[in-house]
Structure formats: C-alpha cells, structure tokens
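Next up, coords_4.cif (mmCIF, C-alpha atoms):
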data_protein
loop_
_atom_site.label_atom_id
_atom_site.label_comp_id
_atom_site.auth_asym_id
_atom_site.auth_seq_id
_atom_site.Cartn_x
_atom_site.Cartn_y
_atom_site.Cartn_z
CA MET A 1 -19.39 -3.74 29.18
CA SER A 2 -17.10 -1.94 31.60
CA SER A 3 -15.33 1.33 30.94
CA GLU A 4 -12.03 -0.55 30.59
CA ASP A 5 -13.50 -2.71 27.81
CA GLN A 6 -14.88 0.36 26.06
CA SER A 7 -11.55 2.18 26.26
CA ALA A 8 -9.70 -0.91 24.99
CA ALA A 9 -12.15 -1.25 22.08
CA GLY A 10 -11.83 2.46 21.33
CA SER A 11 -8.05 2.31 21.33
CA LYS A 12 -8.09 -0.73 19.02
CA ALA A 13 -10.38 1.13 16.62
CA ALA A 14 -8.12 4.20 16.78
CA ASP A 15 -5.04 2.05 16.11
CA ALA A 16 -6.76 0.34 13.18
CA ASP A 17 -7.74 3.65 11.62
CA ALA A 18 -4.49 5.44 12.50
CA ASP A 19 -3.11 4.92 9.00
CA GLY A 20 -6.35 6.16 7.42
CA MET A 21 -7.25 2.87 5.74
CA SER A 22 -10.77 1.48 5.92
CA TRP A 23 -11.31 -2.19 6.60
CA TRP A 24 -12.25 -3.01 3.00
CA TYR A 25 -9.20 -1.21 1.59
CA ARG A 26 -6.94 -3.03 4.05
CA TRP A 27 -8.43 -6.35 2.90
CA MET A 28 -8.03 -5.35 -0.73
CA CYS A 29 -4.33 -4.64 -0.10
CA LYS A 30 -3.92 -8.00 1.63
CA ILE A 31 -5.66 -9.86 -1.20
CA ALA A 32 -3.49 -8.05 -3.74
CA GLY A 33 -0.45 -9.07 -1.68
CA VAL A 34 -1.50 -12.72 -1.75
CA LEU A 35 -2.17 -12.64 -5.49
CA GLY A 36 1.13 -10.84 -6.03
CA GLY A 37 2.91 -13.50 -4.01
CA LEU A 38 1.29 -16.27 -6.04
CA SER A 39 2.17 -14.64 -9.34
CA CYS A 40 5.75 -14.02 -8.21
CA ALA A 41 6.14 -17.61 -7.03
CA ILE A 42 4.74 -19.18 -10.21
CA THR A 43 6.65 -16.98 -12.63
CA GLY A 44 9.76 -17.17 -10.46
CA ILE A 45 9.79 -20.94 -10.73
CA TRP A 46 9.16 -20.61 -14.47
CA SER A 47 12.09 -18.20 -14.81
CA CYS A 48 14.42 -20.48 -12.89
CA VAL A 49 13.94 -23.18 -15.51
CA SER A 50 16.39 -21.54 -17.89
CA ILE A 51 20.04 -21.52 -18.87
CA ASN A 52 20.42 -17.74 -18.69
CA PRO A 53 22.01 -16.81 -15.33
CA PHE A 54 20.22 -13.45 -15.19
CA SER A 55 16.90 -15.21 -15.71
CA ILE A 56 17.71 -17.65 -12.92
CA ALA A 57 18.69 -14.78 -10.59
CA ALA A 58 15.50 -12.87 -11.44
CA GLY A 59 13.46 -16.02 -10.80
CA ALA A 60 15.13 -16.58 -7.44
CA TRP A 61 14.45 -12.94 -6.49
CA MET A 62 10.80 -13.36 -7.50
CA ILE A 63 10.50 -16.41 -5.28
CA LEU A 64 12.02 -14.34 -2.47
CA ASN A 65 9.43 -11.63 -3.22
CA ALA A 66 6.68 -14.20 -2.89
CA CYS A 67 7.99 -15.35 0.49
CA VAL A 68 8.23 -11.77 1.76
CA LEU A 69 4.72 -10.94 0.55
CA PHE A 70 3.33 -14.04 2.24
CA LEU A 71 5.21 -13.32 5.46
CA CYS A 72 4.06 -9.70 5.63
CA GLU A 73 0.48 -10.01 4.40
CA VAL A 74 -0.73 -13.49 5.43
CA PRO A 75 1.50 -14.99 8.12
CA PHE A 76 -0.93 -17.86 8.78
CA CYS A 77 0.17 -19.33 5.42
CA CYS A 78 3.69 -19.64 6.87
CA GLN A 79 2.93 -21.41 10.14
CA PHE A 80 5.97 -23.64 9.75
CA ILE A 81 8.26 -20.61 10.07
CA GLU A 82 8.84 -19.63 13.70
CA PHE A 83 9.38 -15.93 13.13
CA ALA A 84 6.41 -15.41 10.75
CA ASN A 85 4.20 -13.73 13.36
CA ALA A 86 7.03 -11.44 14.47
CA VAL A 87 7.67 -10.36 10.87
CA ALA A 88 3.96 -9.78 10.28
CA ALA A 89 3.64 -7.73 13.48
CA ARG A 90 6.58 -5.58 12.45
CA ALA A 91 5.20 -5.18 8.92
CA ASP A 92 1.82 -4.09 10.33
CA LYS A 93 3.57 -1.30 12.24
CA LEU A 94 5.00 0.15 9.03
CA LYS A 95 3.32 3.17 7.51
CA PRO A 96 1.61 2.64 4.14
CA TRP A 97 4.21 4.70 2.27
CA GLN A 98 6.98 2.51 3.70
CA LYS A 99 5.20 -0.64 2.54
CA ALA A 100 4.64 0.95 -0.86
CA PHE A 101 8.31 1.80 -1.25
CA PHE A 102 9.39 -1.67 -0.10
CA TYR A 103 6.94 -3.65 -2.27
CA CYS A 104 7.50 -1.56 -5.40
CA GLY A 105 11.29 -1.73 -4.97
CA MET A 106 11.24 -5.48 -4.50
CA ALA A 107 9.01 -5.88 -7.57
CA LEU A 108 11.18 -3.68 -9.79
CA PHE A 109 14.50 -5.36 -9.05
CA PRO A 110 13.88 -8.57 -11.08
CA VAL A 111 12.59 -6.49 -13.98
CA PHE A 112 15.82 -4.50 -14.03
CA LEU A 113 17.82 -7.70 -13.64
CA ARG A 114 16.18 -9.48 -16.58
CA LEU A 115 13.62 -7.62 -18.67
CA SER A 116 11.24 -10.20 -20.08
CA LEU A 117 7.53 -10.80 -20.33
CA THR A 118 7.72 -13.32 -17.50
CA THR A 119 9.30 -10.90 -15.04
CA LEU A 120 6.98 -8.07 -16.08
CA LEU A 121 3.80 -10.10 -15.69
CA GLY A 122 5.01 -11.89 -12.58
CA ASN A 123 5.83 -8.71 -10.71
CA ALA A 124 2.88 -6.63 -11.95
CA ILE A 125 0.53 -7.62 -9.13
CA ALA A 126 3.25 -7.27 -6.50
CA PHE A 127 3.95 -3.78 -7.85
CA ALA A 128 0.21 -3.05 -7.83
CA THR A 129 0.16 -3.98 -4.14
CA GLY A 130 2.81 -1.35 -3.52
CA VAL A 131 0.78 1.15 -5.53
CA LEU A 132 -2.31 0.40 -3.42
CA TYR A 133 -0.33 1.05 -0.25
CA GLY A 134 1.05 4.22 -1.82
CA LEU A 135 -2.46 5.45 -2.55
CA ALA A 136 -3.41 4.70 1.05
CA SER A 137 -0.59 6.94 2.23
CA LEU A 138 -2.14 9.87 0.36
CA GLY A 139 -5.10 9.84 2.72
CA LYS A 140 -8.83 10.00 2.32
CA LYS A 141 -10.52 12.11 -0.29
CA GLY A 142 -12.23 15.23 1.00
CA ASP A 143 -15.87 15.91 0.36
CA GLY A 144 -17.03 18.56 -2.10
CA VAL A 145 -18.96 20.61 0.47
CA SER A 146 -15.90 21.22 2.62
CA TYR A 147 -13.87 22.16 -0.44
CA ALA A 148 -16.55 24.63 -1.60
CA ARG A 149 -16.68 26.21 1.87
CA LEU A 150 -12.91 26.54 1.89
CA GLN A 151 -12.93 28.21 -1.54
CA HIS A 152 -15.74 30.56 -0.48
CA GLN A 153 -13.87 31.46 2.71
CA LYS A 154 -10.68 32.09 0.71
CA GLN A 155 -12.57 34.37 -1.68
CA GLY A 156 -14.03 36.30 1.28
CA ASP A 157 -10.57 36.73 2.80
CA GLU A 158 -9.21 38.08 -0.49
CA GLU A 159 -12.09 40.56 -0.70
CA LYS A 160 -11.38 41.77 2.83
CA LEU A 161 -7.73 42.32 1.94
CA THR A 162 -8.52 44.36 -1.16
CA GLY A 163 -11.40 46.20 0.52
CA THR A 164 -13.89 45.44 -2.24
CA THR A 165 -16.76 43.06 -2.59
CA SER A 166 -17.89 41.30 -5.72
CA TRP A 167 -20.88 43.66 -6.23
CA GLU A 168 -18.68 46.79 -5.83
CA ALA A 169 -16.22 45.56 -8.44
CA GLN A 170 -18.92 45.50 -11.12
#

For the file at hand, write its structure as structure tokens.
Amino acid sequence: MSSEDQSAAGSKAADADADGMSWWYRWMCKIAGVLGGLSCAITGIWSCVSINPFSIAAGAWMILNACVLFLCEVPFCCQFIEFANAVAARADKLKPWQKAFFYCGMALFPVFLRLSLTTLLGNAIAFATGVLYGLASLGKKGDGVSYARLQHQKQGDEEKLTGTTSWEAQ
C-alpha cells in the first residue's frame, strides 16, 4: 500500500468520524430512518382514505416525509429518481443537529395539522430518528477516569487559590 493510499484511507476515516458517530450508531440512525419512512408511508396512505381535509393533508405530508426519509437515508431504494444520489450526498454533509431539527420538524407538522392516533404513531419513528441524530450531535460520553482527574485538578487549583490544603483545614 503506497503512502497515497494510506493518506486517502486516513482522510476517509477522519471524514467518517468527523461528526463523532461510530459506524454502528450511523447504521442505527439509517435503520430508524427506513423504519420511520415505512411507518410514515403506511399511515399516510391510511390517513388519506378519509373525508376530513385535514386528515388528507396530514396523510399527504406523511407520504412526503417518507419520500424525504428514503431519499436522505437510503437513496438506493429510489434508483428511479435521477437526483436521489445528489440529495443523499447533500444530506450526508449535514451536521447531526441539522438532520435532527429537519426530521423532528417534518414529523411534528402532520401531528399539529391533525392530531390523531394515526398521525402520532405514524410519525413516532420518524421523530425518533431525529432524536437519534440529536443525541449524536451531543458528542461522545467521557470516561469516568478523565472526569475524576479533572475534578481532582479543580480541587487542587481551588486549594492553591485559598492557600490551604485539605489537611490544614481540619
């Protein structure tokens, strides 16, 4: 393997971990997006079979949510759409908090439009996908050893400022 191949592989790994998501968490978000798209599509079609215009509008929005989730998360499911790969590439460049805001907002709109059990259950997984991306934007959890060292260092700094140590204070 040449140095160019190693640098290319290193840059790909750095790009993949730039948002702080591990491979299994990224796959979990994608699977949640697919399941959210399926639930939105099924319940959206169910909501469209109604006489209430708000229910029909909420159902149409849920079908639109399903299409957006499929385009952003699994573009190979939409091979018949020419711009699917371009949309997926642009969606992959978004930060996790931007995806979280977008997915949660799109999932909440039909619920506000027509509050029913169908819209709540249909958009729950799509909303959960947004929550997963939101949690990814918070970053990785720190380990306990580093936190204990930081607390010990902070306590030492406070003692230096006051000019006392813990054994002198007793």

Would you translate the PyMOL selection byres ((chain A and resi 25-30) around 7) into the concrete set of residues it matches in this file, as a compact mmCIF listing (two decimals) with C-alpha atoms, in the coordinates of the input?
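Final output, selection17.txt:
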# COMPACT_ATOMS: atom_id res chain seq x y z
CA MET A 21 -7.25 2.87 5.74
CA SER A 22 -10.77 1.48 5.92
CA TRP A 23 -11.31 -2.19 6.60
CA TRP A 24 -12.25 -3.01 3.00
CA ILE A 31 -5.66 -9.86 -1.20
CA ALA A 32 -3.49 -8.05 -3.74
CA GLY A 33 -0.45 -9.07 -1.68
CA VAL A 34 -1.50 -12.72 -1.75
CA GLU A 73 0.48 -10.01 4.40
CA THR A 129 0.16 -3.98 -4.14
CA LEU A 132 -2.31 0.40 -3.42
CA TYR A 133 -0.33 1.05 -0.25

> Using the chain letters and numbers from the file, which residues does the PyMOL selection byres ((chain A and resi 42) around 12) grab, as number ranges by chain?
Replying inline: A: 35-41, 43-49, 59-60, 62-67, 118-119, 121-123

> Which distance in Å separates CA of Val111 (chain A) and CA of Pro96 (chain A), to one decimal?
Replying inline: 23.1 Å

>> Using all atoms listed in the file for the distances, tell me which of A:Gly156, A:Leu138, A:Cys104, A:Gln79 is nearest to Ile125 (chain A).
In response: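 Closest residue, counting all atoms listed in the file: A:Cys104.
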
>> Can you pull out the residues contacting Leu113 (chain A)? Cut-off 9 Å, using all atoms listed in the file, and skip same-chain residues under 5 positions away; I want them as a list in words.
In response: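 What passes the distance filter is Phe54, Ser55, Ala57, Ala58 and Leu108 of chain A.
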
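Take CA of Phe76 (chain A) and CA of Gly139 (chain A): the distance between them is 28.7 Å.
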
> With all atoms listed in the file as the atoms that count, which of A:Ala128, A:Gln98, A:Ala88, A:Arg149 lies nearest to Pro75 (chain A)?
Replying inline: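 Once distances to Pro75 (chain A) are computed over all atoms listed in the file, the minimum belongs to A:Ala88.
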
>> One number please: CA of Ser116 (chain A) to CA of Pro53 (chain A), in Å, one decimal.
In response: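 That distance, rounded to one decimal, is 13.5 Å.
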
>> Between A:Leu115, A:Val74, A:Ile81, A:Ala107, which residue has the minimum interatomic distance to Phe127 (chain A), considering all atoms listed in the file?
In response: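 Between A:Leu115, A:Val74, A:Ile81, A:Ala107, the residue approaching Phe127 (chain A) most closely is A:Ala107.
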
>> So, with all atoms listed in the file as the atoms that count, which of A:Lys160, A:Val68, A:Leu120, A:Gly20 lies closest to Leu135 (chain A)?
In response: A:Gly20
